[in-house]
>>> print(open('start_13.cif').read())   # mmCIF, C-alpha atoms
data_coords
#
loop_
_atom_site.label_atom_id
_atom_site.label_comp_id
_atom_site.auth_asym_id
_atom_site.auth_seq_id
_atom_site.Cartn_x
_atom_site.Cartn_y
_atom_site.Cartn_z
CA ALA A 1 62.38 106.23 121.91
CA ARG A 2 61.75 109.90 122.61
CA ASN A 3 64.96 110.86 120.81
CA VAL A 4 66.68 109.21 117.85
CA ILE A 5 70.06 110.12 116.34
CA ILE A 6 70.73 109.00 112.75
CA ALA A 7 74.48 108.37 112.41
CA THR A 8 74.84 105.82 109.61
CA GLY A 9 77.99 107.34 108.07
CA SER A 10 79.06 107.10 104.45
CA LYS A 11 80.45 104.74 101.83
CA ALA A 12 82.88 105.16 98.95
CA ARG A 13 81.43 106.58 95.73
CA HIS A 14 81.99 104.20 92.81
CA LEU A 15 82.28 104.92 89.09
CA PRO A 16 79.26 103.81 87.04
CA ASN A 17 79.90 100.55 85.14
CA VAL A 18 83.20 99.93 86.96
CA PRO A 19 82.65 97.08 89.44
CA VAL A 20 84.78 97.28 92.59
CA ASP A 21 86.09 93.83 93.58
CA ASN A 22 88.71 95.22 96.03
CA ARG A 23 91.28 93.02 94.31
CA ILE A 24 92.02 94.58 90.90
CA VAL A 25 89.73 97.60 91.31
CA ALA A 26 89.57 98.91 94.88
CA ASP A 27 87.88 101.72 96.76
CA ASN A 28 89.62 103.44 99.67
CA GLU A 29 88.89 100.53 102.03
CA GLY A 30 90.12 97.79 99.69
CA ALA A 31 93.19 99.88 98.87
CA LEU A 32 94.53 99.26 102.37
CA SER A 33 94.41 95.47 102.04
CA PHE A 34 96.25 94.59 98.82
CA ASP A 35 98.13 91.32 99.35
CA SER A 36 101.24 92.62 97.54
CA VAL A 37 102.72 95.91 96.32
CA PRO A 38 101.44 96.53 92.77
CA LYS A 39 104.22 97.34 90.29
CA LYS A 40 102.00 99.90 88.53
CA LEU A 41 99.15 101.55 90.41
CA ALA A 42 96.50 103.86 88.93
CA VAL A 43 94.40 106.16 91.11
CA ILE A 44 91.29 107.98 89.87
CA GLY A 45 90.79 111.11 91.98
CA ALA A 46 93.42 113.53 93.35
CA GLY A 47 91.44 114.44 96.44
CA VAL A 48 92.68 113.88 99.98
CA ILE A 49 92.13 110.10 100.04
CA GLY A 50 93.54 109.53 96.54
CA LEU A 51 96.69 111.49 97.38
CA GLU A 52 97.14 109.80 100.75
CA LEU A 53 96.78 106.31 99.28
CA GLY A 54 98.94 107.17 96.26
CA SER A 55 101.59 108.49 98.64
CA VAL A 56 101.49 105.32 100.78
CA TRP A 57 101.85 102.90 97.85
CA ARG A 58 104.55 105.06 96.19
CA ARG A 59 106.64 104.82 99.35
CA LEU A 60 106.15 101.05 99.33
CA GLY A 61 107.53 100.90 95.78
CA SER A 62 104.61 101.26 93.36
CA GLU A 63 104.82 103.37 90.23
CA VAL A 64 101.78 105.59 90.87
CA THR A 65 99.77 107.59 88.31
CA ILE A 66 96.84 109.72 89.50
CA LEU A 67 94.08 110.87 87.12
CA GLU A 68 91.94 113.85 88.20
CA ALA A 69 88.95 115.25 86.32
CA LEU A 70 89.23 118.75 87.81
CA PRO A 71 91.64 121.19 86.13
CA THR A 72 93.03 122.37 89.48
CA PHE A 73 95.07 120.55 92.12
CA LEU A 74 93.60 120.52 95.65
CA GLY A 75 91.14 123.31 94.81
CA ALA A 76 89.74 123.37 98.37
CA VAL A 77 92.98 124.50 100.02
CA ASP A 78 94.91 127.75 99.99
CA GLU A 79 96.67 128.18 96.63
CA SER A 80 100.17 128.48 98.08
CA ILE A 81 99.66 125.27 100.06
CA ALA A 82 98.34 123.48 96.94
CA ARG A 83 101.41 124.60 94.96
CA GLU A 84 103.78 123.40 97.69
CA ALA A 85 101.89 120.09 98.02
CA ALA A 86 102.14 119.53 94.25
CA LYS A 87 105.92 119.99 94.48
CA GLN A 88 106.19 117.55 97.38
CA PHE A 89 104.10 114.88 95.63
CA ALA A 90 106.18 115.28 92.46
CA LYS A 91 109.35 114.89 94.55
CA GLN A 92 107.93 111.68 96.01
CA GLY A 93 107.49 110.42 92.47
CA LEU A 94 103.72 110.64 92.02
CA THR A 95 102.62 111.33 88.43
CA ILE A 96 99.46 113.47 88.46
CA HIS A 97 97.39 114.29 85.36
CA LEU A 98 94.73 117.00 85.81
CA GLY A 99 91.70 117.85 83.65
CA VAL A 100 91.25 114.32 82.32
CA ASN A 101 88.02 112.74 81.10
CA ILE A 102 87.78 109.05 82.08
CA GLY A 103 86.47 106.74 79.38
CA GLU A 104 86.19 102.96 79.42
CA VAL A 105 87.81 101.02 82.25
CA SER A 106 88.43 97.37 81.40
CA THR A 107 89.76 94.74 83.80
CA THR A 108 91.28 91.30 83.47
CA ALA A 109 92.40 88.80 86.10
CA LYS A 110 95.85 90.40 86.04
CA GLY A 111 95.28 94.12 85.67
CA VAL A 112 93.31 97.09 84.45
CA SER A 113 93.31 99.41 81.43
CA ILE A 114 91.92 102.96 81.62
CA ALA A 115 91.07 104.92 78.49
CA TYR A 116 90.92 108.68 79.02
CA LYS A 117 91.23 112.03 77.26
CA ASP A 118 93.94 114.34 78.58
CA LYS A 119 93.45 118.08 79.12
CA THR A 120 94.13 118.76 75.44
CA GLY A 121 91.41 116.28 74.42
CA ALA A 122 93.87 113.69 73.08
CA ASP A 123 93.09 110.00 73.61
CA GLN A 124 95.33 108.26 76.14
CA LYS A 125 95.51 104.83 77.75
CA LEU A 126 96.91 103.83 81.13
CA ASP A 127 97.68 100.19 81.94
CA ALA A 128 98.19 99.20 85.58
CA ASP A 129 98.20 96.18 87.88
CA ARG A 130 95.69 97.75 90.27
CA LEU A 131 93.26 100.68 90.26
CA ILE A 132 92.06 102.68 93.24
CA VAL A 133 88.82 104.63 92.66
CA SER A 134 88.85 107.59 95.01
CA ILE A 135 86.16 110.02 93.88
CA GLY A 136 84.60 110.90 97.21
CA ARG A 137 82.02 109.40 99.52
CA VAL A 138 78.21 109.30 99.62
CA PRO A 139 75.94 109.25 102.70
CA ASN A 140 74.47 105.93 103.87
CA THR A 141 70.84 107.01 103.69
CA ASP A 142 69.44 104.42 101.25
CA ASP A 143 66.62 102.28 102.61
CA LEU A 144 66.51 103.87 106.08
CA GLY A 145 62.71 104.20 105.84
CA LEU A 146 62.92 107.96 106.40
CA ASP A 147 59.53 108.48 104.71
CA ALA A 148 57.91 106.48 107.53
CA VAL A 149 58.77 109.29 109.96
CA GLY A 150 58.09 112.16 107.54
CA LEU A 151 61.69 112.75 106.43
CA ALA A 152 63.37 112.82 103.02
CA THR A 153 66.92 113.36 101.80
CA ASP A 154 68.02 116.18 99.52
CA ALA A 155 69.12 115.60 95.91
CA ARG A 156 72.60 114.45 97.03
CA GLY A 157 71.30 111.98 99.62
CA PHE A 158 71.93 114.12 102.73
CA ILE A 159 69.38 114.58 105.53
CA PRO A 160 68.54 118.30 105.99
CA VAL A 161 69.17 119.55 109.56
CA ASP A 162 69.40 122.87 111.41
CA ASP A 163 72.47 124.29 113.21
CA GLN A 164 71.90 121.86 116.10
CA CYS A 165 71.39 118.80 113.86
CA ARG A 166 67.62 118.67 114.33
CA THR A 167 65.67 117.22 111.42
CA SER A 168 62.20 118.51 110.54
CA THR A 169 60.66 115.68 112.61
CA PRO A 170 60.66 116.46 116.37
CA GLY A 171 62.92 114.17 118.40
CA ILE A 172 64.93 112.97 115.41
CA TYR A 173 68.48 114.26 114.89
CA ALA A 174 71.11 113.40 112.27
CA ILE A 175 74.90 113.82 112.54
CA GLY A 176 78.16 113.14 110.73
CA ASP A 177 78.48 112.04 107.13
CA VAL A 178 74.70 111.91 106.55
CA VAL A 179 74.39 115.70 107.01
CA ARG A 180 75.99 118.81 105.47
CA GLY A 181 79.57 119.77 106.14
CA PRO A 182 82.91 117.97 105.87
CA MET A 183 82.87 114.17 106.09
CA LEU A 184 85.32 114.00 109.00
CA ALA A 185 85.13 111.73 112.06
CA HIS A 186 86.01 114.52 114.50
CA LYS A 187 83.24 116.72 113.07
CA ALA A 188 80.75 113.86 113.56
CA GLU A 189 81.96 113.35 117.13
CA GLU A 190 81.46 117.02 118.00
CA GLU A 191 77.94 116.89 116.54
CA GLY A 192 77.17 113.79 118.61
CA VAL A 193 78.26 115.57 121.79
CA MET A 194 76.22 118.65 120.82
CA VAL A 195 73.05 116.62 120.20
CA ALA A 196 73.45 114.79 123.53
CA GLU A 197 73.72 118.17 125.26
CA VAL A 198 70.69 119.53 123.37
CA ILE A 199 68.64 116.49 124.46
CA ASP A 200 69.85 117.14 128.03
CA GLY A 201 68.44 120.70 127.84
CA GLN A 202 71.77 122.50 127.50
CA LYS A 203 72.54 125.17 124.87
CA PRO A 204 75.65 124.03 122.98
CA HIS A 205 76.88 125.10 119.55
CA ILE A 206 79.60 124.18 117.05
CA ASP A 207 81.72 126.71 115.17
CA TYR A 208 82.02 124.99 111.79
CA ASN A 209 84.78 127.45 110.81
CA CYS A 210 87.05 125.83 113.40
CA ILE A 211 87.16 122.24 112.11
CA PRO A 212 90.73 121.18 111.30
CA TRP A 213 91.51 118.87 108.40
CA VAL A 214 94.76 117.38 107.23
CA ILE A 215 96.30 115.59 104.27
CA TYR A 216 98.73 112.86 105.34
CA THR A 217 101.72 112.63 103.01
#
>>> encode(input="start_13.cif", output="structure tokens")
Amino acid sequence: ARNVIIATGSKARHLPNVPVDNRIVADNEGALSFDSVPKKLAVIGAGVIGLELGSVWRRLGSEVTILEALPTFLGAVDESIAREAAKQFAKQGLTIHLGVNIGEVSTTAKGVSIAYKDKTGADQKLDADRLIVSIGRVPNTDDLGLDAVGLATDARGFIPVDDQCRTSTPGIYAIGDVVRGPMLAHKAEEEGVMVAEVIDGQKPHIDYNCIPWVIYT
């Protein structure tokens, strides 16, 4: 083909040495298909997906505890919004521990145990029926054979592109979760439209300062 668009999306980032079976330990996809409401639910990661899923299962009756490595809550949003969100999640009944250091995660057929250090450095243990690992997403760029067309990813696995999603190889573009910027479906869609218009000889652009994002609660 004269033009190729790489749009292979992303997958959930997993913790090293913690196998995800999407039964006892789930990523964000498995967390939507539990066969029953867990009595106690642990979530690692207080980002958007972790909070959304924690909020969903809390409303369905789970006792939800969220462990977050960062010392701040929702560091990417305006501080006043983060403070208000923290209040709302607390009112819902979510327990959120910030600044933790996750240690060994051990699973059995019936549940999971998470060893961690709290923000003071004290050893703690959390036992739960299910665990959701929600620590972000990584681009699906493994084994694409990029080197065969003279391309390589950066250190984080993203494909470098210019403002119009051109790679360094003429005729090859990349959009969405495999390139820089927020991993949001509507951002990817706009990039797809832009690339189609570029290929058609038009002169489009995207203002990346005008991409909305939302936390469902």
>>> atom_distance(input="start_13.cif", atom1="atom CA of A:Ala7", atom2="atom CA of A:Pro212")
20.7 Å
>>> closest_atom_pairs(input="start_13.cif", of="stretch 19-45 of chain A", to="stretch 102-114 of chain A", cutoff="9 Å", atoms="all atoms listed in the file", output="JSON lines")
{"residue": "A:Ile24", "atom": "CA", "partner": "A:Gly111", "partner_atom": "CA", "distance": 6.2}
{"residue": "A:Val25", "atom": "CA", "partner": "A:Val112", "partner_atom": "CA", "distance": 7.8}
{"residue": "A:Ala42", "atom": "CA", "partner": "A:Ile114", "partner_atom": "CA", "distance": 8.7}
{"residue": "A:Ile44", "atom": "CA", "partner": "A:Ile102", "partner_atom": "CA", "distance": 8.6}
>>> closest_residue(input="start_13.cif", among="A:Asn28, A:Gln202, A:Gln88, A:Thr72", to="A:Ala12", atoms="all atoms listed in the file")
A:Asn28
>>> atom_distance(input="start_13.cif", atom1="atom CA of A:Tyr208", atom2="atom CA of A:Asp27")
28.3 Å
>>> atom_distance(input="start_13.cif", atom1="atom CA of A:Asp154", atom2="atom CA of A:Val43")
29.4 Å
